[in-house]
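*Asks:* One file is attached below, my_file18.cif, containing mmCIF, C-alpha atoms.
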data_query
#
loop_
_atom_site.label_atom_id
_atom_site.label_comp_id
_atom_site.auth_asym_id
_atom_site.auth_seq_id
_atom_site.Cartn_x
_atom_site.Cartn_y
_atom_site.Cartn_z
CA MET A 290 -93.05 23.39 68.27
CA LYS A 291 -92.56 20.09 66.52
CA LEU A 292 -88.93 20.97 65.82
CA VAL A 293 -88.33 21.62 69.51
CA GLU A 294 -89.90 18.29 70.43
CA ARG A 295 -87.77 16.40 67.92
CA PHE A 296 -84.63 18.11 69.14
CA GLY A 297 -85.52 17.23 72.71
CA LYS A 298 -86.05 13.54 71.85
CA LYS A 299 -82.77 13.35 70.00
CA LYS A 300 -80.96 14.92 72.91
CA ALA A 301 -82.55 12.44 75.29
CA ILE A 302 -81.50 9.48 73.10
CA LEU A 303 -77.96 10.77 72.88
CA GLY A 304 -77.93 11.23 76.64
CA ILE A 305 -79.05 7.64 77.23
CA ALA A 306 -76.52 6.33 74.72
CA GLY A 307 -73.82 8.31 76.46
CA LEU A 308 -74.78 6.85 79.80
CA ILE A 309 -74.67 3.31 78.36
CA VAL A 310 -71.26 3.88 76.82
CA ALA A 311 -69.99 5.37 80.08
CA PHE A 312 -71.36 2.41 82.01
CA LEU A 313 -69.76 -0.09 79.62
CA ALA A 314 -66.45 1.77 79.78
CA ILE A 315 -66.51 1.77 83.58
CA ALA A 316 -67.45 -1.94 83.60
CA TYR A 317 -64.69 -2.76 81.13
CA LEU A 318 -62.09 -0.82 83.14
CA GLY A 319 -63.31 -2.33 86.38
CA LEU A 320 -63.10 -5.89 85.03
CA SER A 321 -59.71 -5.11 83.50
CA LEU A 322 -58.41 -4.12 86.92
CA PHE A 323 -60.02 -7.25 88.38
CA PHE A 324 -58.41 -9.54 85.78
CA ASN A 325 -54.99 -8.07 86.49
CA ASN A 326 -55.06 -10.31 89.57
CA HIS A 327 -57.47 -12.99 88.45
CA PHE A 328 -57.58 -15.45 85.58
CA TRP A 329 -59.84 -14.72 82.62
CA PHE A 330 -63.26 -16.26 82.03
CA ARG A 331 -63.33 -19.86 80.71
CA THR A 332 -59.86 -20.67 82.04
CA THR A 333 -58.79 -24.15 83.18
CA ILE A 334 -55.45 -24.85 84.83
CA ASN A 335 -54.35 -28.48 84.81
CA GLY A 336 -57.99 -29.45 84.66
CA VAL A 337 -58.99 -27.17 87.55
CA LYS A 338 -61.48 -24.37 86.86
CA GLY A 339 -59.58 -21.11 87.28
CA SER A 340 -62.11 -18.65 85.86
CA CYS A 341 -62.21 -15.38 87.84
CA ARG A 342 -59.96 -16.85 90.53
CA SER A 343 -56.77 -15.51 92.02
CA VAL A 344 -53.49 -17.41 92.10
CA ALA A 345 -53.95 -18.15 95.80
CA LYS A 346 -57.46 -19.53 95.22
CA VAL A 347 -56.32 -21.73 92.34
CA GLU A 348 -53.42 -23.07 94.42
CA LYS A 349 -55.84 -23.92 97.22
CA LEU A 350 -58.17 -25.73 94.81
CA ILE A 351 -55.29 -27.71 93.32
CA ALA A 352 -54.10 -28.73 96.78
CA GLU A 353 -57.63 -29.90 97.64
CA GLU A 354 -57.88 -31.85 94.40
CA ILE A 355 -54.58 -33.58 95.10
CA ASP A 356 -55.75 -34.74 98.54
CA GLY A 357 -58.68 -36.67 97.10
CA TYR A 358 -57.15 -37.44 93.72
CA GLN A 359 -57.39 -40.88 92.17
CA LEU A 360 -56.75 -41.99 88.63
CA ARG A 361 -58.88 -44.61 86.88
CA LEU A 362 -57.00 -46.64 84.27
CA GLU A 363 -59.32 -47.84 81.51
CA GLU A 364 -57.84 -50.97 79.99
CA ARG A 365 -58.53 -52.88 76.79
CA GLY A 366 -61.27 -55.42 77.29
CA GLY A 367 -63.15 -53.34 79.87
CA GLY A 368 -60.81 -53.79 82.85
CA THR A 369 -60.10 -50.89 85.20
CA GLU A 370 -57.53 -50.16 87.90
CA ILE A 371 -57.21 -47.28 90.37
CA LEU A 372 -54.13 -45.27 91.37
CA LYS A 373 -54.61 -43.02 94.40
CA SER A 374 -52.59 -39.94 95.32
CA ALA A 375 -51.39 -41.67 98.50
CA ASP A 376 -50.08 -44.61 96.40
CA ILE A 377 -47.65 -42.38 94.53
CA GLY A 378 -46.97 -39.65 97.09
CA LEU A 379 -48.71 -36.95 95.10
CA GLU A 380 -48.32 -33.41 96.45
CA PRO A 381 -48.59 -29.80 95.25
CA ARG A 382 -45.52 -27.87 94.23
CA PHE A 383 -45.94 -24.19 93.51
CA ASP A 384 -42.92 -22.34 92.21
CA GLY A 385 -44.43 -19.14 90.90
CA SER A 386 -45.53 -20.66 87.60
CA LEU A 387 -49.16 -19.69 88.19
CA THR A 388 -48.22 -16.06 88.81
CA ARG A 389 -46.12 -16.01 85.66
CA GLU A 390 -48.98 -17.47 83.67
CA LEU A 391 -51.35 -14.83 85.05
CA LYS A 392 -48.99 -12.01 84.07
CA LYS A 393 -48.74 -13.32 80.50
CA ARG A 394 -52.31 -12.17 79.87
CA SER A 395 -53.12 -8.49 80.23
CA GLY A 396 -56.18 -7.69 82.29
CA PHE A 397 -57.40 -5.51 79.42
CA GLY A 398 -57.58 -8.53 77.13
CA TRP A 399 -60.21 -10.34 79.22
CA ILE A 400 -62.92 -9.71 76.65
CA ILE A 401 -61.30 -12.32 74.37
CA SER A 402 -62.17 -15.01 76.91
CA ILE A 403 -65.88 -14.48 76.28
CA PHE A 404 -65.41 -16.05 72.86
CA LYS A 405 -62.37 -18.30 73.38
CA SER A 406 -61.50 -20.63 76.25
CA THR A 407 -58.01 -20.72 77.77
CA ARG A 408 -56.36 -23.96 78.81
CA ILE A 409 -53.19 -23.74 80.88
CA GLU A 410 -50.97 -26.76 81.59
CA ILE A 411 -48.25 -26.33 84.22
CA GLU A 412 -46.30 -29.48 85.01
CA ALA A 413 -44.42 -27.94 87.93
CA MET A 414 -47.54 -27.64 90.12
CA VAL A 415 -47.71 -31.34 90.93
CA SER A 416 -44.99 -33.79 91.91
CA TYR A 417 -44.90 -37.36 93.10
CA ASP A 418 -42.48 -39.65 94.88
CA GLU A 419 -40.55 -41.55 92.20
CA THR A 420 -39.99 -44.62 94.40
CA ARG A 421 -43.62 -44.90 95.44
CA PHE A 422 -44.72 -44.21 91.87
CA GLU A 423 -42.56 -47.06 90.48
CA LYS A 424 -43.77 -49.44 93.18
CA ALA A 425 -47.41 -48.59 92.48
CA VAL A 426 -46.95 -48.97 88.71
CA ALA A 427 -45.12 -52.30 89.14
CA GLY A 428 -48.11 -53.62 91.07
CA LEU A 429 -50.61 -52.92 88.27
CA VAL A 430 -52.28 -56.03 86.86
CA CYS A 431 -52.10 -54.67 83.30
CA LEU A 432 -48.30 -54.90 83.40
CA LYS A 433 -48.12 -58.45 84.71
CA ALA A 434 -46.74 -60.99 82.22
CA GLU A 435 -49.46 -63.51 83.08
CA SER A 436 -52.13 -60.93 82.25
CA SER A 437 -50.58 -59.80 78.98
CA ARG A 438 -51.21 -61.22 75.55
CA GLU A 439 -48.99 -60.29 72.62
CA PRO A 440 -50.67 -58.94 69.48
CA LYS A 441 -50.85 -61.14 66.40
CA ASP A 442 -50.77 -59.87 62.85
CA ALA A 443 -53.62 -60.39 60.43
CA TYR A 444 -52.58 -62.96 57.83
CA ILE A 445 -53.63 -64.75 54.66
CA SER A 446 -55.45 -68.03 55.26
CA GLU A 447 -54.73 -71.27 53.46
CA TYR A 448 -56.55 -71.73 50.16
CA LYS A 449 -60.18 -72.83 50.54
CA LYS A 450 -62.02 -74.47 47.69
CA GLY A 451 -64.77 -72.23 46.37
CA VAL A 452 -63.62 -69.36 48.59
CA GLY A 453 -59.98 -68.75 47.81
CA PHE A 454 -57.60 -66.94 50.12
CA GLU A 455 -59.11 -64.96 53.00
CA ILE A 456 -57.65 -62.49 55.47
CA VAL A 457 -57.68 -63.75 59.04
CA PRO A 458 -58.13 -60.67 61.30
CA GLU A 459 -55.46 -59.55 63.72
CA ASP A 460 -55.51 -60.23 67.46
CA GLU A 461 -54.90 -56.90 69.19
CA GLY A 462 -53.69 -58.55 72.39
CA ASN A 463 -53.18 -56.34 75.47
CA LEU A 464 -49.42 -56.06 75.75
CA LEU A 465 -48.42 -52.59 76.95
CA ASP A 466 -45.66 -50.48 75.48
CA GLU A 467 -44.16 -49.59 78.86
CA THR A 468 -42.42 -46.44 77.61
CA ALA A 469 -45.61 -45.03 76.08
CA PHE A 470 -47.60 -46.14 79.12
CA ARG A 471 -45.34 -44.39 81.63
CA GLU A 472 -45.27 -41.20 79.57
CA ALA A 473 -49.06 -41.14 79.34
CA LEU A 474 -49.37 -41.94 83.03
CA HIS A 475 -46.99 -39.13 83.99
CA THR A 476 -48.83 -36.57 81.83
CA THR A 477 -52.21 -37.66 83.21
CA VAL A 478 -51.10 -37.48 86.84
CA VAL A 479 -49.38 -34.08 86.69
CA ASN A 480 -52.48 -32.67 84.99
CA LEU A 481 -54.73 -34.24 87.64
CA GLN A 482 -56.88 -35.94 85.02
CA GLU A 483 -59.25 -38.45 86.54
CA SER A 484 -59.08 -41.15 83.88
CA LEU A 485 -56.64 -42.54 81.34
CA SER A 486 -57.79 -44.68 78.42
CA LEU A 487 -54.83 -46.89 77.58
CA GLU A 488 -56.39 -47.56 74.18
CA ASP A 489 -56.91 -43.92 73.21
CA SER A 490 -53.49 -42.92 74.57
CA GLY A 491 -51.66 -45.42 72.34
CA CYS A 492 -50.23 -47.39 75.25
CA TYR A 493 -50.57 -50.83 73.65
CA VAL A 494 -48.19 -52.64 71.34
CA ASN A 495 -50.07 -52.84 68.05
CA PRO A 496 -49.99 -55.62 65.46
CA ARG A 497 -47.92 -54.79 62.40
CA PHE A 498 -50.65 -55.78 59.97
CA ARG A 499 -54.38 -55.37 60.37
CA ALA A 500 -57.16 -56.88 58.25
CA ASP A 501 -57.65 -53.58 56.43
CA SER A 502 -53.94 -53.18 55.68
CA GLU A 503 -53.46 -52.12 52.04
CA GLU A 504 -50.40 -54.35 51.81
CA LEU A 505 -52.36 -57.38 53.02
CA LEU A 506 -55.34 -56.65 50.77
CA ALA A 507 -53.02 -56.36 47.76
CA LEU A 508 -51.38 -59.64 48.73
CA GLN A 509 -54.76 -61.38 49.01
CA LYS A 510 -55.80 -60.05 45.61
CA GLU A 511 -52.57 -61.24 44.00
CA MET A 512 -52.82 -64.71 45.54
CA ASN A 513 -56.44 -65.14 44.47
CA SER A 514 -55.43 -64.05 40.97
CA TYR A 515 -52.74 -66.74 40.89
CA ALA A 516 -55.20 -69.34 42.16
CA SER A 517 -57.71 -68.37 39.47
CA ALA A 518 -55.37 -69.82 36.86
CA GLY A 519 -56.29 -73.13 35.27
CA ILE A 520 -54.11 -74.99 32.78
CA THR A 521 -55.36 -77.91 30.71
CA TYR A 522 -52.63 -79.91 28.94
CA GLU A 523 -53.86 -81.80 25.89
CA ALA A 524 -51.89 -83.88 23.41
CA GLY A 525 -53.54 -86.65 21.45
CA SER A 526 -55.72 -88.60 23.84
CA THR A 527 -53.74 -87.53 26.90
CA ARG A 528 -55.24 -84.82 29.05
CA VAL A 529 -53.94 -83.39 32.35
CA VAL A 530 -55.68 -80.58 34.25
CA LEU A 531 -53.94 -78.26 36.71
CA SER A 532 -56.72 -76.63 38.75
CA GLY A 533 -56.74 -73.47 40.83
CA GLU A 534 -57.25 -75.62 43.91
CA THR A 535 -53.92 -77.34 43.28
CA ILE A 536 -52.22 -74.05 42.48
CA GLY A 537 -53.65 -72.56 45.68
CA ASP A 538 -51.93 -75.32 47.63
CA TRP A 539 -48.60 -74.20 46.15
CA LEU A 540 -48.91 -70.58 47.29
CA GLY A 541 -47.56 -69.00 50.44
CA VAL A 542 -46.29 -65.69 51.83
CA THR A 543 -42.65 -64.79 52.44
CA GLU A 544 -41.35 -62.85 55.45
CA GLU A 545 -41.11 -59.83 53.14
CA HIS A 546 -44.86 -60.19 52.42
CA THR A 547 -44.55 -61.27 48.81
CA VAL A 548 -46.25 -64.22 47.15
CA ALA A 549 -44.17 -67.39 47.10
CA ILE A 550 -44.83 -70.34 44.80
CA ASP A 551 -43.58 -73.63 46.19
CA GLU A 552 -40.95 -74.57 43.58
CA GLY A 553 -40.70 -78.11 44.92
CA LYS A 554 -44.39 -78.80 44.28
CA ALA A 555 -44.25 -77.11 40.88
CA THR A 556 -41.19 -79.15 39.89
CA GLU A 557 -42.90 -82.34 41.03
CA PHE A 558 -45.93 -81.47 38.91
CA VAL A 559 -43.78 -80.89 35.79
CA LYS A 560 -42.04 -84.20 36.46
CA LYS A 561 -45.39 -86.02 36.54
CA LEU A 562 -46.39 -84.11 33.42
CA GLY A 563 -43.41 -85.70 31.71
CA GLU A 564 -44.55 -89.12 32.89
CA SER A 565 -47.86 -88.51 31.09
CA PHE A 566 -46.56 -86.98 27.85
CA ASN A 567 -42.99 -88.29 27.36
CA THR A 568 -42.54 -91.09 24.85
CA ALA A 569 -38.78 -90.76 24.29
CA TYR A 570 -36.54 -93.28 26.07
CA LYS A 571 -39.53 -95.48 26.83
CA THR A 572 -39.66 -99.18 26.03
CA ARG A 573 -42.00 -99.76 23.10
CA SER A 574 -43.15 -102.75 21.07
CA PHE A 575 -42.85 -102.68 17.24
CA GLN A 576 -44.65 -105.02 14.85
CA THR A 577 -42.21 -105.92 12.05
CA SER A 578 -43.07 -106.52 8.45
CA TYR A 579 -42.25 -110.23 8.96
CA GLY A 580 -45.06 -110.48 11.52
CA SER A 581 -42.91 -110.79 14.64
CA ALA A 582 -42.78 -108.13 17.38
CA VAL A 583 -39.58 -106.59 18.67
CA THR A 584 -39.00 -104.56 21.84
CA LEU A 585 -37.15 -101.28 21.52
CA LYS A 586 -35.49 -100.06 24.70
CA ARG A 587 -34.19 -96.56 25.52
CA ASN A 588 -34.99 -95.31 22.04
CA GLU A 589 -34.23 -91.59 21.85
CA TYR A 590 -37.02 -90.85 19.43
CA GLY A 591 -40.27 -89.38 20.82
CA TRP A 592 -41.81 -86.56 22.79
CA TYR A 593 -39.93 -85.16 25.77
CA VAL A 594 -41.17 -82.37 28.04
CA ASP A 595 -38.61 -79.63 28.71
CA PRO A 596 -38.51 -79.36 32.55
CA ASP A 597 -37.00 -75.86 32.58
CA GLY A 598 -39.01 -74.49 29.67
CA GLU A 599 -42.31 -75.86 30.93
CA GLY A 600 -41.47 -74.69 34.44
CA GLU A 601 -40.97 -71.12 33.25
CA GLN A 602 -44.14 -71.19 31.12
CA LEU A 603 -46.11 -72.64 34.01
CA MET A 604 -44.95 -69.86 36.38
CA ALA A 605 -45.83 -67.23 33.75
CA ASP A 606 -49.34 -68.66 33.28
CA ILE A 607 -49.94 -68.74 37.04
CA ARG A 608 -48.73 -65.16 37.57
CA GLU A 609 -51.03 -63.95 34.81
CA GLY A 610 -53.97 -65.93 36.23
CA LYS A 611 -54.50 -67.58 32.84
CA GLN A 612 -57.20 -70.06 31.91
CA VAL A 613 -55.53 -71.85 29.03
CA THR A 614 -55.50 -75.13 27.11
CA ARG A 615 -52.16 -76.02 25.58
CA GLU A 616 -49.49 -78.67 25.12
CA PRO A 617 -46.47 -78.80 27.42
CA VAL A 618 -43.27 -77.09 26.35
CA TYR A 619 -41.17 -79.85 24.70
CA GLN A 620 -37.44 -80.32 24.59
CA GLN A 621 -37.94 -82.61 21.57
CA THR A 622 -40.94 -83.58 19.54
CA ALA A 623 -42.15 -86.51 17.43
CA LYS A 624 -44.30 -86.93 14.32
CA SER A 625 -47.61 -87.55 16.07
CA HIS A 626 -49.21 -88.37 19.39
CA GLY A 627 -50.44 -91.76 20.36
CA GLU A 628 -48.92 -95.24 20.42
CA LYS A 629 -47.26 -94.80 16.99
CA ASP A 630 -45.63 -91.45 17.66
CA TYR A 631 -43.36 -92.03 14.63
CA GLY A 632 -46.39 -91.60 12.36
CA ASN A 633 -47.17 -93.44 9.11
CA THR A 634 -43.98 -92.66 7.22
CA TYR A 635 -40.91 -94.57 8.41
CA ALA A 636 -38.17 -97.02 7.38
CA GLU A 637 -37.86 -100.50 8.87
CA VAL A 638 -34.40 -102.11 8.61
CA ASN A 639 -33.89 -105.82 9.26
CA LEU A 640 -30.15 -106.36 9.66
CA THR A 641 -30.48 -110.14 9.86
CA ALA A 642 -32.38 -110.35 6.59
CA GLN A 643 -30.46 -107.47 5.12
CA HIS A 644 -33.71 -105.98 4.06
CA MET A 645 -35.24 -102.48 4.37
CA PHE A 646 -38.89 -101.57 4.13
CA PHE A 647 -40.02 -97.99 3.56
CA TYR A 648 -43.57 -97.10 4.47
#
Could you take the file, read its structure, and then write that structure out as structure tokens?
*Replies:*
Amino acid sequence: MKLVERFGKKKAILGIAGLIVAFLAIAYLGLSLFFNNHFWFRTTINGVKGSCRSVAKVEKLIAEEIDGYQLRLEERGGGTEILKSADIGLEPRFDGSLTRELKKRSGFGWIISIFKSTRIEIEAMVSYDETRFEKAVAGLVCLKAESSREPKDAYISEYKKGVGFEIVPEDEGNLLDETAFREALHTTVVNLQESLSLEDSGCYVNPRFRADSEELLALQKEMNSYASAGITYEAGSTRVVLSGETIGDWLGVTEEHTVAIDEGKATEFVKKLGESFNTAYKTRSFQTSYGSAVTLKRNEYGWYVDPDGEGEQLMADIREGKQVTREPVYQQTAKSHGEKDYGNTYAEVNLTAQHMFFY
């Protein structure tokens, strides 16, 4: 008895399952036939919802959308402008593209659309009057010269004491790239999109360098390294300090975005360095062994800073950001520093007295 009951239950379950499968098969076939002439679920056509709609219905919806269509232009800075369908002579144009798109997708494949949306873009469905379009675009405020501001690159500031070189941020401006703008405008209109962000669509002319530009950041780092250099020149009692603040005033940026050191200012500094350390060719007073003093003019003996050699060493120290204490690079040297740079060992010759003293 129990065996009969079990067999009966199993048969009933199989019967129900069979009915469900049959129902699903009929539903699937029925929807497949339906979708032979209608677009799949989750289908949009140029922004219009086409799910479960026939070609004729979609064409009607597109025509209705065109009648009341207007495009909102979202401009940098928060400004907006409106383009209406009547401004550009917008009208539908159906050439069989919708039917061809429908036939590309088999009705039996509709089940895919439950899990994946379908987006169809057909440019041929919408057209506009070129003359009216150009006139409407020409009248937009965002294209007027008086309303446009060119972008400005981010750049390296002048040296600031205690701060160094800073990056001054770019000015984005609001100058439109007309080619990019017209292309974006065309695509937006033919797809009946209701808004166009000029920022997001890349319609603006961008600055070449922004504050976060790797090239600019590297340049700032290099310039601050140069300005961190400090050179102290010491010889005898003479001391000259070249500070980072002074070096910072020598630095600039070339058109190729490399660091430039003002050679004129560097040369002038080396020249003044010579005025502090040179003793050669200077007029000096000499106390003779007879008690009288004589004046020696243009005497070649003494210290003389090498302009080229010191210039090269100076540039090397700056580029390495060195903090160093040293003497200048000399073209010629003397025995000692100070007023008596000839030292304590020398010969004094008195031609008048025909006498020589050796100390």
*Asks:* Could you check which of A:Thr547, A:Ser321, A:Gln482, A:Ser437 is closest to Gly336 in chain A, using all atoms listed in the file?
*Replies:* A:Gln482
*Asks:* Return the single residue from A:Trp539, A:Trp592, A:Tyr579, A:Tyr448 that is closest to Gly563 in chain A, with distances computed using all atoms listed in the file.
*Replies:*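 Between A:Trp539, A:Trp592, A:Tyr579, A:Tyr448, the residue approaching Gly563 in chain A most closely is A:Trp592.
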*Asks:* Applying 12 Å and only C-alpha atoms, which residues near Ala427 in chain A remain after dropping the ones on its own chain fewer than 6 positions away? List them as a list in words.
*Replies:*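 After dropping sequence-adjacent residues, the list is Leu372, Asp376, Ile377, Thr420, Arg421, Lys433, Ala434, Glu467 and Arg471 of chain A.
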*Asks:* Run the PyMOL selection byres ((chain A and resi 523) around 10) mentally over the shown coordinates, then write out the matched residues as a list of chain:residue names, using the chain letters and numbers from the document.
*Replies:*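 That selection, the PyMOL selection byres ((chain A and resi 523) around 10), comes back as A:Ile520, A:Thr521, A:Tyr522, A:Ala524, A:Gly525, A:Ser526, A:Thr527, A:Arg528, A:Val529, A:Val530, A:Phe566, A:Thr614, A:Arg615, A:Glu616, A:Pro617.
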*Asks:* The PyMOL selection byres ((chain A and resi 551-558) around 8) on the file shown: which residues, as a ChimeraX atom specification?
*Replies:* /A:539-541,549-550,559-562,596,600
*Asks:* Since we have the selection now, will you write its residues out, keeping C-alpha atoms, as a PDB file, keeping the file's coordinate frame?
*Replies:*
ATOM      1  CA  TRP A 539     -48.600 -74.200  46.150  1.00  0.00           C
ATOM      2  CA  LEU A 540     -48.910 -70.580  47.290  1.00  0.00           C
ATOM      3  CA  GLY A 541     -47.560 -69.000  50.440  1.00  0.00           C
ATOM      4  CA  ALA A 549     -44.170 -67.390  47.100  1.00  0.00           C
ATOM      5  CA  ILE A 550     -44.830 -70.340  44.800  1.00  0.00           C
ATOM      6  CA  VAL A 559     -43.780 -80.890  35.790  1.00  0.00           C
ATOM      7  CA  LYS A 560     -42.040 -84.200  36.460  1.00  0.00           C
ATOM      8  CA  LYS A 561     -45.390 -86.020  36.540  1.00  0.00           C
ATOM      9  CA  LEU A 562     -46.390 -84.110  33.420  1.00  0.00           C
ATOM     10  CA  PRO A 596     -38.510 -79.360  32.550  1.00  0.00           C
ATOM     11  CA  GLY A 600     -41.470 -74.690  34.440  1.00  0.00           C
TER      12      GLY A 600
END
*Asks:* Which residues are near Val638 in chain A? Cut-off 12 Å, only C-alpha atoms, ignore same chain within fewer than 6 positions. Put them as a ChimeraX atom specification.
*Replies:* /A:577-579,644-648
*Asks:* Please reconstruct the missing atoms of range 366-386 of chain A (target: N, CA, C and O atoms) and return them as an mmCIF file, keeping the file's coordinate frame.
*Replies:*
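That gives us rebuild24.cif:
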data_model
loop_
_atom_site.group_PDB
_atom_site.id
_atom_site.type_symbol
_atom_site.label_atom_id
_atom_site.label_comp_id
_atom_site.auth_asym_id
_atom_site.auth_seq_id
_atom_site.Cartn_x
_atom_site.Cartn_y
_atom_site.Cartn_z
ATOM 1 N N GLY A 366 -60.482 -54.276 76.826
ATOM 2 C CA GLY A 366 -61.270 -55.420 77.290
ATOM 3 C C GLY A 366 -62.222 -55.054 78.403
ATOM 4 O O GLY A 366 -62.965 -55.903 78.893
ATOM 5 N N GLY A 367 -62.197 -53.781 78.845
ATOM 6 C CA GLY A 367 -63.150 -53.340 79.870
ATOM 7 C C GLY A 367 -62.615 -53.331 81.280
ATOM 8 O O GLY A 367 -63.328 -52.918 82.208
ATOM 9 N N GLY A 368 -61.392 -53.790 81.502
ATOM 10 C CA GLY A 368 -60.810 -53.790 82.850
ATOM 11 C C GLY A 368 -60.459 -52.387 83.316
ATOM 12 O O GLY A 368 -60.175 -51.501 82.508
ATOM 13 N N THR A 369 -60.499 -52.174 84.624
ATOM 14 C CA THR A 369 -60.100 -50.890 85.200
ATOM 15 C C THR A 369 -59.225 -51.119 86.428
ATOM 16 O O THR A 369 -59.361 -52.137 87.118
ATOM 17 N N GLU A 370 -58.345 -50.159 86.687
ATOM 18 C CA GLU A 370 -57.530 -50.160 87.900
ATOM 19 C C GLU A 370 -57.453 -48.737 88.426
ATOM 20 O O GLU A 370 -57.598 -47.778 87.662
ATOM 21 N N ILE A 371 -57.224 -48.591 89.728
ATOM 22 C CA ILE A 371 -57.210 -47.280 90.370
ATOM 23 C C ILE A 371 -55.840 -46.989 90.972
ATOM 24 O O ILE A 371 -55.254 -47.839 91.641
ATOM 25 N N LEU A 372 -55.336 -45.781 90.705
ATOM 26 C CA LEU A 372 -54.130 -45.270 91.370
ATOM 27 C C LEU A 372 -54.547 -44.080 92.213
ATOM 28 O O LEU A 372 -55.142 -43.124 91.696
ATOM 29 N N LYS A 373 -54.252 -44.119 93.515
ATOM 30 C CA LYS A 373 -54.610 -43.020 94.400
ATOM 31 C C LYS A 373 -53.394 -42.145 94.676
ATOM 32 O O LYS A 373 -52.250 -42.583 94.563
ATOM 33 N N SER A 374 -53.676 -40.884 95.056
ATOM 34 C CA SER A 374 -52.590 -39.940 95.320
ATOM 35 C C SER A 374 -51.650 -40.463 96.396
ATOM 36 O O SER A 374 -50.433 -40.271 96.320
ATOM 37 N N ALA A 375 -52.225 -41.146 97.415
ATOM 38 C CA ALA A 375 -51.390 -41.670 98.500
ATOM 39 C C ALA A 375 -50.464 -42.787 98.000
ATOM 40 O O ALA A 375 -49.383 -42.997 98.563
ATOM 41 N N ASP A 376 -50.902 -43.504 96.932
ATOM 42 C CA ASP A 376 -50.080 -44.610 96.400
ATOM 43 C C ASP A 376 -48.781 -44.092 95.803
ATOM 44 O O ASP A 376 -47.765 -44.798 95.808
ATOM 45 N N ILE A 377 -48.827 -42.888 95.247
ATOM 46 C CA ILE A 377 -47.650 -42.380 94.530
ATOM 47 C C ILE A 377 -47.025 -41.150 95.187
ATOM 48 O O ILE A 377 -46.108 -40.542 94.648
ATOM 49 N N GLY A 378 -47.549 -40.794 96.382
ATOM 50 C CA GLY A 378 -46.970 -39.650 97.090
ATOM 51 C C GLY A 378 -47.187 -38.342 96.367
ATOM 52 O O GLY A 378 -46.286 -37.500 96.295
ATOM 53 N N LEU A 379 -48.396 -38.157 95.863
ATOM 54 C CA LEU A 379 -48.710 -36.950 95.100
ATOM 55 C C LEU A 379 -48.841 -35.743 96.023
ATOM 56 O O LEU A 379 -49.473 -35.817 97.088
ATOM 57 N N GLU A 380 -48.243 -34.634 95.637
ATOM 58 C CA GLU A 380 -48.320 -33.410 96.450
ATOM 59 C C GLU A 380 -48.164 -32.180 95.563
ATOM 60 O O GLU A 380 -47.587 -32.254 94.478
ATOM 61 N N PRO A 381 -48.702 -31.031 96.050
ATOM 62 C CA PRO A 381 -48.590 -29.800 95.250
ATOM 63 C C PRO A 381 -47.176 -29.235 95.294
ATOM 64 O O PRO A 381 -46.445 -29.445 96.272
ATOM 65 N N ARG A 382 -46.822 -28.535 94.251
ATOM 66 C CA ARG A 382 -45.520 -27.870 94.230
ATOM 67 C C ARG A 382 -45.673 -26.586 93.425
ATOM 68 O O ARG A 382 -45.723 -26.603 92.202
ATOM 69 N N PHE A 383 -45.735 -25.488 94.145
ATOM 70 C CA PHE A 383 -45.940 -24.190 93.510
ATOM 71 C C PHE A 383 -44.632 -23.415 93.505
ATOM 72 O O PHE A 383 -44.022 -23.192 94.559
ATOM 73 N N ASP A 384 -44.213 -23.015 92.341
ATOM 74 C CA ASP A 384 -42.920 -22.340 92.210
ATOM 75 C C ASP A 384 -43.051 -20.987 91.497
ATOM 76 O O ASP A 384 -42.091 -20.491 90.909
ATOM 77 N N GLY A 385 -44.232 -20.428 91.555
ATOM 78 C CA GLY A 385 -44.430 -19.140 90.900
ATOM 79 C C GLY A 385 -44.921 -19.242 89.474
ATOM 80 O O GLY A 385 -45.157 -18.220 88.812
ATOM 81 N N SER A 386 -45.100 -20.476 88.980
ATOM 82 C CA SER A 386 -45.530 -20.660 87.600
ATOM 83 C C SER A 386 -46.917 -20.075 87.356
ATOM 84 O O SER A 386 -47.191 -19.498 86.296
#
